[in-house]
Amino acid sequence: LRVDHLAYEEGRILNAQPLLKKYKDAHKNLKEVDAITSSVPSTLTEKSESQDDMKLIAAVLEGNFSNCKYRALDQKKIDGEGTASIAPKRLCLNNKRLNIWADQRKAMILDGPFELEPSRRYSVDMMSFRVDTHIRGISVGLFAYFGPYVVQISALFLGSNHAEEVSLIKPGVNFLTMESISMLPPQCDGVVLVAWGEPWRAGEGSVTWEELKESDYHGMKLVLNQYEELTE
């Protein structure tokens with residue numbers, strides 16, 4: 001980030017990551033329900049933590065952690081093969097439609113949850129899943145745990161003529177936000193792949209979520225960049 005473009009880049013990143021913006025502006029306290037709605041940080045410690053978040057984002061973009069209190073670790077690779085049919089129960093903070101579909105029992109966890117170490121920070125390097133090309137009418141998204149909630153990181157709608165392997169995120173681009181970086185929220189302890197909508201097979205008609213998961217879903221691949229906080 002160039003100095004004269006720092007404010008612009010910061011605003012651009014935070015507009016694409018509304019939860020991170022709320023986290024940056026809000027008083028950090030995940031043990032309380034109002035963790036993301038409390039007042040702006042007032043202590044020097046809270047302000048320092050907010051500045052550290054922006055330093056981490058800048059470090060990821062630049063590939064330079066020399067001025068950041070985090071260091072890059074090896075990548076974490078996750079290969080999902082599907083799970084038992086489970087409906088999502090956590091409220092999503094940035095996708096109201098998912099909450100509505102889930103309340104109508106028209107949403108399902110395709111894969112996960114996969115546990116993460118909450119003391120680390122993560123960004124998504126790549127994420128893809130495989131589903132038969134004749135499946136239509138659903139959206140599929142990657143979600144991260146944030147306290148008792150989930151946060152949408154990326155998602156796509158499966159219309160006609162989609163590929164069998166669908167990429168939500170590739171190195172350098174999130175196909176939902178079109179941003180080059182996809183950070184998971186602070187203290188994230190899990191990720192999950194969720195689908196919602198009214199699935200149907202081309203030429204056959206509607207199918208149940210159980211049928212889709214058993215016959216049409218063929219797993220996912222997720223690669224996360226990991227960052228560890230340095231101890232002084």
# chains A, B, ... in the order shown; residues from 1 in each chain; ligands from 1

$ residues_around --residues "Gly80 (chain A)" --least-positions-apart "5" --cutoff "7 Å" --atoms "only C-alpha atoms" --output "PDB file with N, CA, C and O atoms, in the first residue's frame"
ATOM      1  N   ASP A 111     -20.896 -29.250   3.990  1.00  0.00           N
ATOM      2  CA  ASP A 111     -19.644 -29.787   4.496  1.00  0.00           C
ATOM      3  C   ASP A 111     -19.206 -29.016   5.739  1.00  0.00           C
ATOM      4  O   ASP A 111     -19.440 -27.813   5.846  1.00  0.00           O
ATOM      5  N   GLY A 219     -17.793 -33.102  -2.649  1.00  0.00           N
ATOM      6  CA  GLY A 219     -16.700 -32.642  -1.809  1.00  0.00           C
ATOM      7  C   GLY A 219     -16.220 -31.230  -2.107  1.00  0.00           C
ATOM      8  O   GLY A 219     -16.641 -30.579  -3.058  1.00  0.00           O
ATOM      9  N   MET A 220     -15.308 -30.748  -1.258  1.00  0.00           N
ATOM     10  CA  MET A 220     -14.794 -29.385  -1.358  1.00  0.00           C
ATOM     11  C   MET A 220     -13.304 -29.361  -1.036  1.00  0.00           C
ATOM     12  O   MET A 220     -12.770 -30.277  -0.400  1.00  0.00           O
ATOM     13  N   LYS A 221     -12.646 -28.302  -1.491  1.00  0.00           N
ATOM     14  CA  LYS A 221     -11.242 -28.065  -1.171  1.00  0.00           C
ATOM     15  C   LYS A 221     -11.101 -26.639  -0.666  1.00  0.00           C
ATOM     16  O   LYS A 221     -11.602 -25.696  -1.282  1.00  0.00           O
TER      17      LYS A 221
END

$ closest_atom_pairs --of "region 183-213 of chain A" --to "region 98-102 of chain A" --cutoff "12 Å" --atoms "only C-alpha atoms" --output "tab-separated table"
residue	atom	partner	partner_atom	distance
A:Val194	CA	A:Leu98	CA	9.1
A:Ala195	CA	A:Leu98	CA	8.7
A:Trp196	CA	A:Trp101	CA	6.4
A:Gly197	CA	A:Trp101	CA	6.7
A:Glu198	CA	A:Trp101	CA	9.3

$ residues_around --residues "Arg90 (chain A)" --least-positions-apart "5" --cutoff "8 Å" --atoms "only C-alpha atoms" --output "ChimeraX atom specification"
/A:148-150

$ write_last_selection --atoms "N, CA, C and O atoms" --output "CSV table (one decimal), in the first residue's frame"
chain,number,residue,atom,x,y,z
A,148,PRO,N,-21.1,-16.7,18.5
A,148,PRO,CA,-22.2,-17.5,18.3
A,148,PRO,C,-22.8,-17.4,16.9
A,148,PRO,O,-23.9,-18.0,16.6
A,149,TYR,N,-22.2,-16.6,16.0
A,149,TYR,CA,-22.8,-16.3,14.7
A,149,TYR,C,-21.9,-16.9,13.6
A,149,TYR,O,-20.9,-17.5,13.8
A,150,VAL,N,-22.4,-16.7,12.3
A,150,VAL,CA,-21.6,-17.0,11.2
A,150,VAL,C,-21.5,-15.8,10.3
A,150,VAL,O,-22.4,-14.9,10.3

$ residues_around --residues "region 113-125 of chain A" --least-positions-apart "3" --cutoff "9 Å" --atoms "only C-alpha atoms" --output "number ranges by chain"
A: 56, 60, 70, 75, 78, 80, 83, 109, 153, 169-174, 181-193, 222-229

$ residues_around --residues "Ser85 (chain A)" --least-positions-apart "3" --cutoff "9 Å" --atoms "only C-alpha atoms" --output "VMD selection string"
chain A and resid 82 108 to 110 209 to 210 213
